[in-house]
Amino acid sequence: MLPEILISNFWLLLQGAERTLELSLATAFFSSATGLAAALLRTFGRWPFRIAVDVYVYVVRGVPLLLLLFFMYYGLPYSGIDVAPIPGGILVMSIYFGAFMSEVFRAAVEALPRAQWDAARSLGMRLPLILGIVVLPQAVRLSAPAFINTCILLIKSTSLVSIIGLSELTMVGRQIVERTFAPFQILLGVALIYFVICYSLSRLGRYAEQRMRHAH
Amino acid sequence: MRTDDATVAPMVEFRGVSKWFGTTQVLRDISLSVAPSEVVVVIGPSGSGKTTLLRCVSLLEEYEAGEITVAGEMIGYRIAANGERVRRSEREIAAARAKIGFVFQSFNLFPHMTVLRNVAVGPIRVNKMPREKAEAVARDLIGRVGLADKVDAHPVSLSGGQQQRVAIARALAMQPKLMLFDEVTSALDPELVDEVLGVMQQLARDGMTMIVVTHEMQFAHDVADRVIFMDHGAIVEEGDPATLLANPRSERLRAFMRRHIQGWARNLPQNPMTIERNP
Ligand SMILES: Nc1ncnc2c1ncn2[C@@H]1O[C@H](COP(=O)(O)OP(=O)(O)OP(=O)(O)O)[C@@H](O)[C@H]1O
Ligand SMILES: [Mg+2]
């Protein structure tokens, strides 16, 4: 028996997947930028910045993403601020995953042996240069596995923004189910698409990890 | 190598230098003067403060009392008009470090850069030397430490002895006034030690001022102008190598020599200082 309903709706699902990828890509970009800035401030900034970053990381990690999305979607309009769903979703997810990314990058920067700093300092290099050519290039490599792991979580979490009405993969799947009454086929298809995306990314992570091991 | 002329200004001078880690004092009132082109070897038991002494010269560690000057300039601090010690700016500290070569026990090459880049990166990024010129200088130095065929290799593919020679070339590329060596052969397999010591001996012959922390007594004997024995953060004894190593005065140095000398006498190589050249 062919899953005919799934096949006839597959194109629709792929369109949802495209939206999911767009959201993921944008969120990965902004959360990485936020995370890197937070990690550097946490490690090298003066104390007010260090405390600010700590508060940010602990607050965000202690609150469910869904709740943050509700705040944006239901809470902000009450105070007269209206945020469109797409930029709003990207904003909230970037803030949320920025906290995780900051821990990913901080761990990598701190994992770099002190001896690398000593060597760079003894050549007369100063902080910005040391970061730029010695620490960050190595930290990026060190952080690749954890970074990819966070990206996988991030991609799956985009399904939550269906709650605020974005027609990404999960939302499109639900709509098709409501129309066709074939939840099993459709949801299996949705799961399969998430799996293919995340699995490819995991393999890429493995590959990066192995290359890293050989290069060092 | 050594100039005994008292009118020559010292290249390095320690005056009453003390350092604490928390409440433990690790350097005790160190005073020592190193003349230009002099080679001073520092020996002493583990934990006696040898590494810390070298690190203070490059201000990789802060020191709390006394002063260290290199070529007449106080390292890390200056004395303000009111007599107080003021930390120098990061810019000044970095500029001073750039003129002091430091070679580490664990090589500390940059693993993500080729050998050529490791050696050229300091001159290019710190001294703002044009890339072509810096790379020419780097190639020349890499050749001089016997690794001309390794310029494009990454550190991971080199032996410990080769990595350490690259580290020496990297330090030399900055045209330092002074070279500091911290047990640079301790992490090496025995058969790789001589190729590194050979490079250092050649450097001494060329007139480089050097402070060398090492357990290689043969090297101390052959190359040092002066040997310093440290224990518990203080200089216990100093003198020319032949006298000091053969006739230690203090009981502490005698005890130290008893532990190290057997190995030294037993392993005296035929010709310990031949540089192993790469084919
Ligand atoms: N970062 C640090 N924090 C606290 N104590 C330290 C630190 N670095 C060194 N020490 C202590 O300072 C003392 C001197 O250490 P140092 O490394 O200078 O000795 P060393 O003579 O180089 O020894 P070794 O021969 O083992 O290399 C030791 O007691 C050591 O435990
Ligand atoms: Mg040491």
# chains A, B, ... in the order shown; residues from 1 in each chain; ligands from 1
>>> interface_residues(of="chain B", to="chain A", cutoff="8 Å", atoms="only C-alpha atoms", output="list in words")
Ser58, Leu60, Glu90, Arg91, Ile93, Ala94, Ala95, Ala96, Arg97, Ala98, Lys99, Ile100, Gly101, Phe102, Asn108, Leu109, Phe110, Pro111, His112, Gly122, Arg125, Val126, Val156, Ala171 and Met174 of chain B
>>> select_by_dssp(residues="stretch 48-193 of chain A", states="alpha helix (DSSP H)", output="ChimeraX atom specification")
/A:48-61,65-70,76-78,85-111,114-122,127-130,136-157,169-180,183-193
>>> closest_residue(among="A:Leu68, A:Ile130, A:Val140, A:Val60", to="A:Ser32", atoms="only C-alpha atoms")
A:Val140
>>> residues_around(residues="stretch 83-97 of chain A", least_positions_apart="4", cutoff="8 Å", atoms="only C-alpha atoms", output="list in words")
Leu23, Ala26, Thr27, Ala28, Phe30, Ser31, Thr34, Gly35, Val60, Arg61, Leu65, Leu68, Leu69, Met72, Tyr73, Leu76, Pro77, Met101, Thr150, Leu154, Val161, Ile164, Gly165 and Leu166 of chain A
>>> residues_near_ligand(ligand="ligand 1", cutoff="8 Å", atoms="only C-alpha atoms and all ligand atoms", output="mmCIF file with C-alpha atoms, in the first residue's frame")
data_model
loop_
_atom_site.group_PDB
_atom_site.id
_atom_site.type_symbol
_atom_site.label_atom_id
_atom_site.label_comp_id
_atom_site.auth_asym_id
_atom_site.auth_seq_id
_atom_site.Cartn_x
_atom_site.Cartn_y
_atom_site.Cartn_z
ATOM 1 C CA PHE B 21 51.539 33.124 44.613
ATOM 2 C CA GLY B 22 48.914 34.002 47.169
ATOM 3 C CA THR B 24 53.539 31.440 49.209
ATOM 4 C CA GLN B 25 56.689 33.266 48.310
ATOM 5 C CA VAL B 26 58.207 31.698 45.203
ATOM 6 C CA LEU B 27 60.994 34.211 44.484
ATOM 7 C CA GLY B 44 67.720 23.790 40.790
ATOM 8 C CA PRO B 45 65.253 21.239 42.092
ATOM 9 C CA SER B 46 61.625 21.084 40.987
ATOM 10 C CA GLY B 47 59.547 23.891 42.445
ATOM 11 C CA SER B 48 62.544 26.081 43.197
ATOM 12 C CA GLY B 49 61.176 28.933 41.080
ATOM 13 C CA LYS B 50 63.209 28.656 37.869
ATOM 14 C CA THR B 51 60.234 28.861 35.524
ATOM 15 C CA THR B 52 58.734 31.684 37.531
ATOM 16 C CA LEU B 53 61.998 33.604 37.344
ATOM 17 C CA ASP B 182 62.735 27.001 30.042
ATOM 18 C CA GLU B 183 63.758 23.325 30.158
ATOM 19 C CA MET B 230 68.292 28.106 42.895
ATOM 20 C CA ASP B 231 66.445 26.493 45.752
ATOM 21 C CA HIS B 232 63.216 27.543 47.464
ATOM 22 C CA GLY B 233 62.974 30.694 45.383
#
>>> decode(residues="stretch 74-89 of chain A", atoms="N, CA, C and O atoms", output="PDB file, in the first residue's frame")
ATOM      1  N   TYR A  74       1.923  37.073  22.751  1.00  0.00           N
ATOM      2  CA  TYR A  74       0.732  37.539  23.482  1.00  0.00           C
ATOM      3  C   TYR A  74       1.037  38.700  24.424  1.00  0.00           C
ATOM      4  O   TYR A  74       0.227  39.585  24.611  1.00  0.00           O
ATOM      5  N   GLY A  75       2.244  38.665  25.016  1.00  0.00           N
ATOM      6  CA  GLY A  75       2.588  39.654  26.042  1.00  0.00           C
ATOM      7  C   GLY A  75       2.878  41.015  25.451  1.00  0.00           C
ATOM      8  O   GLY A  75       2.296  42.026  25.861  1.00  0.00           O
ATOM      9  N   LEU A  76       3.757  41.074  24.457  1.00  0.00           N
ATOM     10  CA  LEU A  76       4.178  42.366  23.920  1.00  0.00           C
ATOM     11  C   LEU A  76       3.024  43.178  23.330  1.00  0.00           C
ATOM     12  O   LEU A  76       2.936  44.373  23.580  1.00  0.00           O
ATOM     13  N   PRO A  77       2.107  42.570  22.571  1.00  0.00           N
ATOM     14  CA  PRO A  77       0.998  43.359  22.020  1.00  0.00           C
ATOM     15  C   PRO A  77       0.208  44.071  23.110  1.00  0.00           C
ATOM     16  O   PRO A  77      -0.290  45.174  22.883  1.00  0.00           O
ATOM     17  N   TYR A  78       0.126  43.461  24.303  1.00  0.00           N
ATOM     18  CA  TYR A  78      -0.546  44.114  25.425  1.00  0.00           C
ATOM     19  C   TYR A  78       0.093  45.436  25.770  1.00  0.00           C
ATOM     20  O   TYR A  78      -0.558  46.391  26.151  1.00  0.00           O
ATOM     21  N   SER A  79       1.436  45.488  25.658  1.00  0.00           N
ATOM     22  CA  SER A  79       2.121  46.745  25.973  1.00  0.00           C
ATOM     23  C   SER A  79       2.262  47.598  24.725  1.00  0.00           C
ATOM     24  O   SER A  79       3.084  48.497  24.655  1.00  0.00           O
ATOM     25  N   GLY A  80       1.453  47.277  23.711  1.00  0.00           N
ATOM     26  CA  GLY A  80       1.406  48.135  22.534  1.00  0.00           C
ATOM     27  C   GLY A  80       2.510  47.883  21.519  1.00  0.00           C
ATOM     28  O   GLY A  80       2.658  48.617  20.560  1.00  0.00           O
ATOM     29  N   ILE A  81       3.336  46.851  21.742  1.00  0.00           N
ATOM     30  CA  ILE A  81       4.384  46.539  20.767  1.00  0.00           C
ATOM     31  C   ILE A  81       3.930  45.352  19.945  1.00  0.00           C
ATOM     32  O   ILE A  81       3.626  44.292  20.493  1.00  0.00           O
ATOM     33  N   ASP A  82       3.873  45.553  18.650  1.00  0.00           N
ATOM     34  CA  ASP A  82       3.472  44.454  17.782  1.00  0.00           C
ATOM     35  C   ASP A  82       4.666  43.970  16.971  1.00  0.00           C
ATOM     36  O   ASP A  82       5.311  44.749  16.298  1.00  0.00           O
ATOM     37  N   VAL A  83       4.960  42.694  17.101  1.00  0.00           N
ATOM     38  CA  VAL A  83       6.080  42.142  16.342  1.00  0.00           C
ATOM     39  C   VAL A  83       5.524  41.143  15.342  1.00  0.00           C
ATOM     40  O   VAL A  83       4.738  40.267  15.696  1.00  0.00           O
ATOM     41  N   ALA A  84       5.933  41.302  14.086  1.00  0.00           N
ATOM     42  CA  ALA A  84       5.494  40.347  13.066  1.00  0.00           C
ATOM     43  C   ALA A  84       6.047  38.962  13.406  1.00  0.00           C
ATOM     44  O   ALA A  84       7.133  38.858  13.965  1.00  0.00           O
ATOM     45  N   PRO A  85       5.278  37.900  13.081  1.00  0.00           N
ATOM     46  CA  PRO A  85       5.668  36.557  13.530  1.00  0.00           C
ATOM     47  C   PRO A  85       7.071  36.122  13.076  1.00  0.00           C
ATOM     48  O   PRO A  85       7.825  35.577  13.877  1.00  0.00           O
ATOM     49  N   ILE A  86       7.428  36.376  11.822  1.00  0.00           N
ATOM     50  CA  ILE A  86       8.721  35.849  11.359  1.00  0.00           C
ATOM     51  C   ILE A  86       9.893  36.533  12.062  1.00  0.00           C
ATOM     52  O   ILE A  86      10.693  35.871  12.718  1.00  0.00           O
ATOM     53  N   PRO A  87      10.002  37.859  11.965  1.00  0.00           N
ATOM     54  CA  PRO A  87      11.128  38.477  12.701  1.00  0.00           C
ATOM     55  C   PRO A  87      11.026  38.222  14.198  1.00  0.00           C
ATOM     56  O   PRO A  87      12.035  38.010  14.865  1.00  0.00           O
ATOM     57  N   GLY A  88       9.789  38.199  14.720  1.00  0.00           N
ATOM     58  CA  GLY A  88       9.616  37.962  16.149  1.00  0.00           C
ATOM     59  C   GLY A  88      10.124  36.587  16.546  1.00  0.00           C
ATOM     60  O   GLY A  88      10.846  36.429  17.526  1.00  0.00           O
ATOM     61  N   GLY A  89       9.741  35.577  15.749  1.00  0.00           N
ATOM     62  CA  GLY A  89      10.189  34.216  16.040  1.00  0.00           C
ATOM     63  C   GLY A  89      11.702  34.108  15.985  1.00  0.00           C
ATOM     64  O   GLY A  89      12.336  33.514  16.862  1.00  0.00           O
TER      65      GLY A  89
END
